[in-house]
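Take a look at the structure below.
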Amino acid sequence: MPPVPPPLAVDAGLALRRGLLRAADALLPPMAVMWDRTMGIERTQVIGALAELGVADALDSGPLTAVELASRVGADADALHRVLRAAAVDGLVRLDRRGRFRLTRLGRTLRSDDAASLRPWARYMALRSTGAAWGDLTESVRTGRSAFRRVHGASVWDWFAEHPDEERLFAAAMRALTEFDAPAIAAAEFWPERGTVCDVAGGTGSLLAAIIAERPELRGVLVEAPGVLAEADVYLLKNVLHDWDDETSAKILAAVRATMAPGTRLVLVEQLQERNRPHPFASLTDLQMLTQCEDGRERSPHELRDLLTGAGLRPGRVERVSVSALVEGVAS
Ligand SMILES: C[S@@+](CC[C@H](N)C(=O)[O-])C[C@H]1O[C@@H](n2cnc3c(N)ncnc32)[C@H](O)[C@@H]1O
């Protein structure tokens, strides 16, 4: 797993990047900047197509022309050249005068075997089902309701049950994102040395594995389907409540709370979003939740602590680690 910078370094890096981008934008007429912003859908689809075709893997051994590349990845050479040329504008690849493309540091994140591979996430974001829900954002803004169910007639989880390929892709995408800050979450002093930690809706279990790896006497239980939650000393819900509205979040917490013995703890891992403070990641994933999930949202520490209190849990520590925060509730 790649080393994870501390939260202050993450914040400072993101703030500096925003400042530099704003300064660069100030050099241009606002119309030019706004036109560029409207091309986000193109960027998502270019990255998604390169990820889907495995272009980064094919370029890993050295520069190739689109003609050489096309037969390896099963693409039309001219269309591939045009897509890669557009990707070069954003620095995913470099194009030399002889028409050869080579991977950049950024483009390497789309390699399957990169430690911080974003290939599954890029493919998931470019899916038709994901894009169609994003295409209905305006209606979500009008109604305040999530787009996915309106567009596809099913919750994203029921959709995944009917589309196992997409479900596997989403699970791989979540695993990659979770593995990014799993070392920092696992290193936090929230986990006991012995007993049992239960990761509720814990995906493929990579965070649970990281938490128990350094603690030989700690047992892990992964719940990804209706099952028995009892017997744990500490319960973990990472990026679960943000998928749901307050009412359903309260039901999820109540179901977990009902199995918790007095003194046991529940740790929420979420990105924090204060109401009036834009955040470079959380403010975007907040809309991902609005379009894709069941009226989900990113929340502030205060809102998360209110949910804990509502479920009969005493709010405890809040600690930022990497891009996530750990918010604790204790059963009394
Ligand atoms: C956003 S993902 C988070 C996965 C993991 N905690 C992580 O952060 O990598 C939400 C997870 O909730 C699971 N999930 C949704 N509905 C569920 C249910 N009714 N019972 C158990 N798990 C469920 C999904 O399968 C998915 O893996």
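Residues in the structure tokens are named by chain (A, B, ... in the order shown) and by number from 1 within that chain; ligands are numbered from 1 in the order shown.
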
As a short mmCIF file (atom, residue, chain, number, x, y, z; two decimals) with C-alpha atoms, in the first residue's frame, please: every protein or nucleic acid residue near ligand 1 (cut-off 9 Å, counting only C-alpha atoms and all ligand atoms).
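Final file, pocket-v8.cif:
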data_model
loop_
_atom_site.label_atom_id
_atom_site.label_comp_id
_atom_site.auth_asym_id
_atom_site.auth_seq_id
_atom_site.Cartn_x
_atom_site.Cartn_y
_atom_site.Cartn_z
CA VAL A 156 -28.17 1.09 -6.74
CA TRP A 157 -27.81 -2.01 -4.50
CA ASP A 158 -30.78 -3.78 -6.14
CA PHE A 160 -26.02 -4.31 -8.62
CA GLU A 167 -21.34 -4.95 -8.64
CA PHE A 170 -17.99 -1.16 -7.76
CA ALA A 171 -16.55 -3.46 -5.07
CA ALA A 172 -13.12 -3.26 -6.72
CA ALA A 173 -13.45 0.53 -7.00
CA MET A 174 -14.34 0.86 -3.31
CA ARG A 175 -11.48 -1.46 -2.37
CA ALA A 176 -8.99 0.71 -4.25
CA LEU A 177 -10.27 3.92 -2.60
CA THR A 178 -10.36 2.27 0.84
CA GLU A 179 -6.87 0.86 0.46
CA ASP A 199 -16.99 -4.13 9.78
CA VAL A 200 -20.62 -3.55 8.79
CA ALA A 201 -21.10 -3.39 4.99
CA GLY A 202 -17.32 -3.67 4.84
CA GLY A 203 -16.99 -4.34 1.13
CA THR A 204 -14.22 -6.78 0.24
CA GLY A 205 -12.72 -6.59 3.75
CA SER A 206 -9.43 -4.85 2.94
CA LEU A 207 -9.82 -2.28 5.74
CA VAL A 223 -20.87 -8.24 7.35
CA GLU A 224 -21.89 -7.73 3.76
CA ALA A 225 -25.30 -9.38 3.87
CA PRO A 226 -27.99 -9.65 6.55
CA GLY A 227 -26.31 -11.54 9.36
CA LEU A 236 -16.97 -0.14 12.06
CA LEU A 237 -19.05 1.48 9.32
CA LYS A 238 -16.93 3.04 6.60
CA ASN A 239 -18.61 5.07 3.87
CA VAL A 240 -21.93 3.43 4.65
CA LEU A 241 -24.04 6.18 6.25
CA HIS A 242 -23.19 8.58 3.42
CA ASP A 243 -25.09 6.24 1.07
CA VAL A 269 -15.40 6.45 8.91
CA GLU A 270 -16.68 9.19 6.61
#

| said: Using DSSP assignments from the backbone, pull out every residue in range 128-214 of chain A that falls under strand (DSSP E) and give it to me as a list of chain:residue names. | reply: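 The strand (DSSP E) residues within range 128-214 of chain A come out as A:Arg194, A:Gly195, A:Thr196, A:Val197, A:Cys198, A:Asp199, A:Val200.
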
Write a file of the just-selected residues containing N, CA and C atoms, as a compact mmCIF listing (two decimals), in the first residue's frame.
# COMPACT_ATOMS: atom_id res chain seq x y z
N ARG A 194 -7.26 -6.72 21.41
CA ARG A 194 -7.86 -8.05 21.36
C ARG A 194 -9.38 -7.91 21.35
N GLY A 195 -10.08 -9.03 21.07
CA GLY A 195 -11.53 -8.99 20.96
C GLY A 195 -11.92 -9.10 19.49
N THR A 196 -13.04 -8.47 19.13
CA THR A 196 -13.55 -8.62 17.77
C THR A 196 -13.97 -7.27 17.20
N VAL A 197 -13.56 -7.00 15.99
CA VAL A 197 -14.05 -5.81 15.30
C VAL A 197 -14.95 -6.27 14.15
N CYS A 198 -16.14 -5.66 14.07
CA CYS A 198 -17.12 -6.06 13.07
C CYS A 198 -17.27 -4.94 12.05
N ASP A 199 -16.86 -5.15 10.82
CA ASP A 199 -16.99 -4.13 9.78
C ASP A 199 -18.32 -4.34 9.06
N VAL A 200 -19.26 -3.42 9.33
CA VAL A 200 -20.62 -3.55 8.79
C VAL A 200 -20.67 -2.96 7.38

| query | Can you tell me, as a PyMOL selection string, what residues are no more than 9 Å from Leu127 in chain A when counting only C-alpha atoms, ignoring any on the same chain fewer than 4 positions away? | reply | chain A and resi 45+48+122-123+131-132+166

| message | Nearest residue to Pro6 in chain A out of A:Pro278, A:Pro192, A:Gly312, A:Pro183, using only C-alpha atoms? | response |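 Nearest to Pro6 in chain A: A:Pro183.
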
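Shortest atom-to-atom contact with Glu303 in chain A among A:Glu328, A:Asp36, A:Asp246, A:Asp286: A:Asp246, counting only C-alpha atoms.
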
Proximity check range 105-222 of chain A to range 91-100 of chain A, 10 Å, nearest pairs one decimal Å, only C-alpha atoms, as CSV:
residue,atom,partner,partner_atom,distance
A:Arg105,CA,A:Leu92,CA,7.6
A:Leu106,CA,A:Leu92,CA,5.4
A:Gly107,CA,A:Leu92,CA,4.2
A:Arg108,CA,A:Leu92,CA,7.9
A:Thr109,CA,A:Leu92,CA,9.2
A:Leu110,CA,A:Leu92,CA,9.2

Save the residues we just selected, N, CA, C and O atoms, as a JSON list (two decimals), in the first residue's frame?
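So the final result, stored in result.json, reads:
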[["chain", "number", "residue", "atom", "x", "y", "z"],
["A", 105, "ARG", "N", 3.10, 10.16, -14.97],
["A", 105, "ARG", "CA", 2.87, 9.78, -13.57],
["A", 105, "ARG", "C", 1.37, 9.67, -13.28],
["A", 105, "ARG", "O", 0.91, 8.77, -12.60],
["A", 106, "LEU", "N", 0.60, 10.61, -13.87],
["A", 106, "LEU", "CA", -0.85, 10.60, -13.67],
["A", 106, "LEU", "C", -1.49, 9.40, -14.37],
["A", 106, "LEU", "O", -2.30, 8.68, -13.78],
["A", 107, "GLY", "N", -1.10, 9.17, -15.62],
["A", 107, "GLY", "CA", -1.68, 8.08, -16.40],
["A", 107, "GLY", "C", -1.39, 6.72, -15.78],
["A", 107, "GLY", "O", -2.19, 5.77, -15.93],
["A", 108, "ARG", "N", -0.26, 6.62, -15.07],
["A", 108, "ARG", "CA", 0.10, 5.33, -14.47],
["A", 108, "ARG", "C", -0.91, 4.87, -13.42],
["A", 108, "ARG", "O", -0.98, 3.69, -13.12],
["A", 109, "THR", "N", -1.71, 5.80, -12.87],
["A", 109, "THR", "CA", -2.72, 5.39, -11.88],
["A", 109, "THR", "C", -3.82, 4.54, -12.52],
["A", 109, "THR", "O", -4.64, 3.97, -11.81],
["A", 110, "LEU", "N", -3.85, 4.46, -13.86],
["A", 110, "LEU", "CA", -4.84, 3.61, -14.53],
["A", 110, "LEU", "C", -4.30, 2.21, -14.82],
["A", 110, "LEU", "O", -5.01, 1.37, -15.37]]

| Neighbour list for Glu189 in chain A as a ChimeraX atom specification, cut-off 12 Å, only C-alpha atoms, skip fewer than 2 positions in-chain | /A:184-187,191-193,211,267,317-321,326,328

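Proximity ranking of A:Leu290, A:Leu20, A:Ile47, A:Ala133 relative to Leu118 in chain A places A:Ile47 first, based on only C-alpha atoms.
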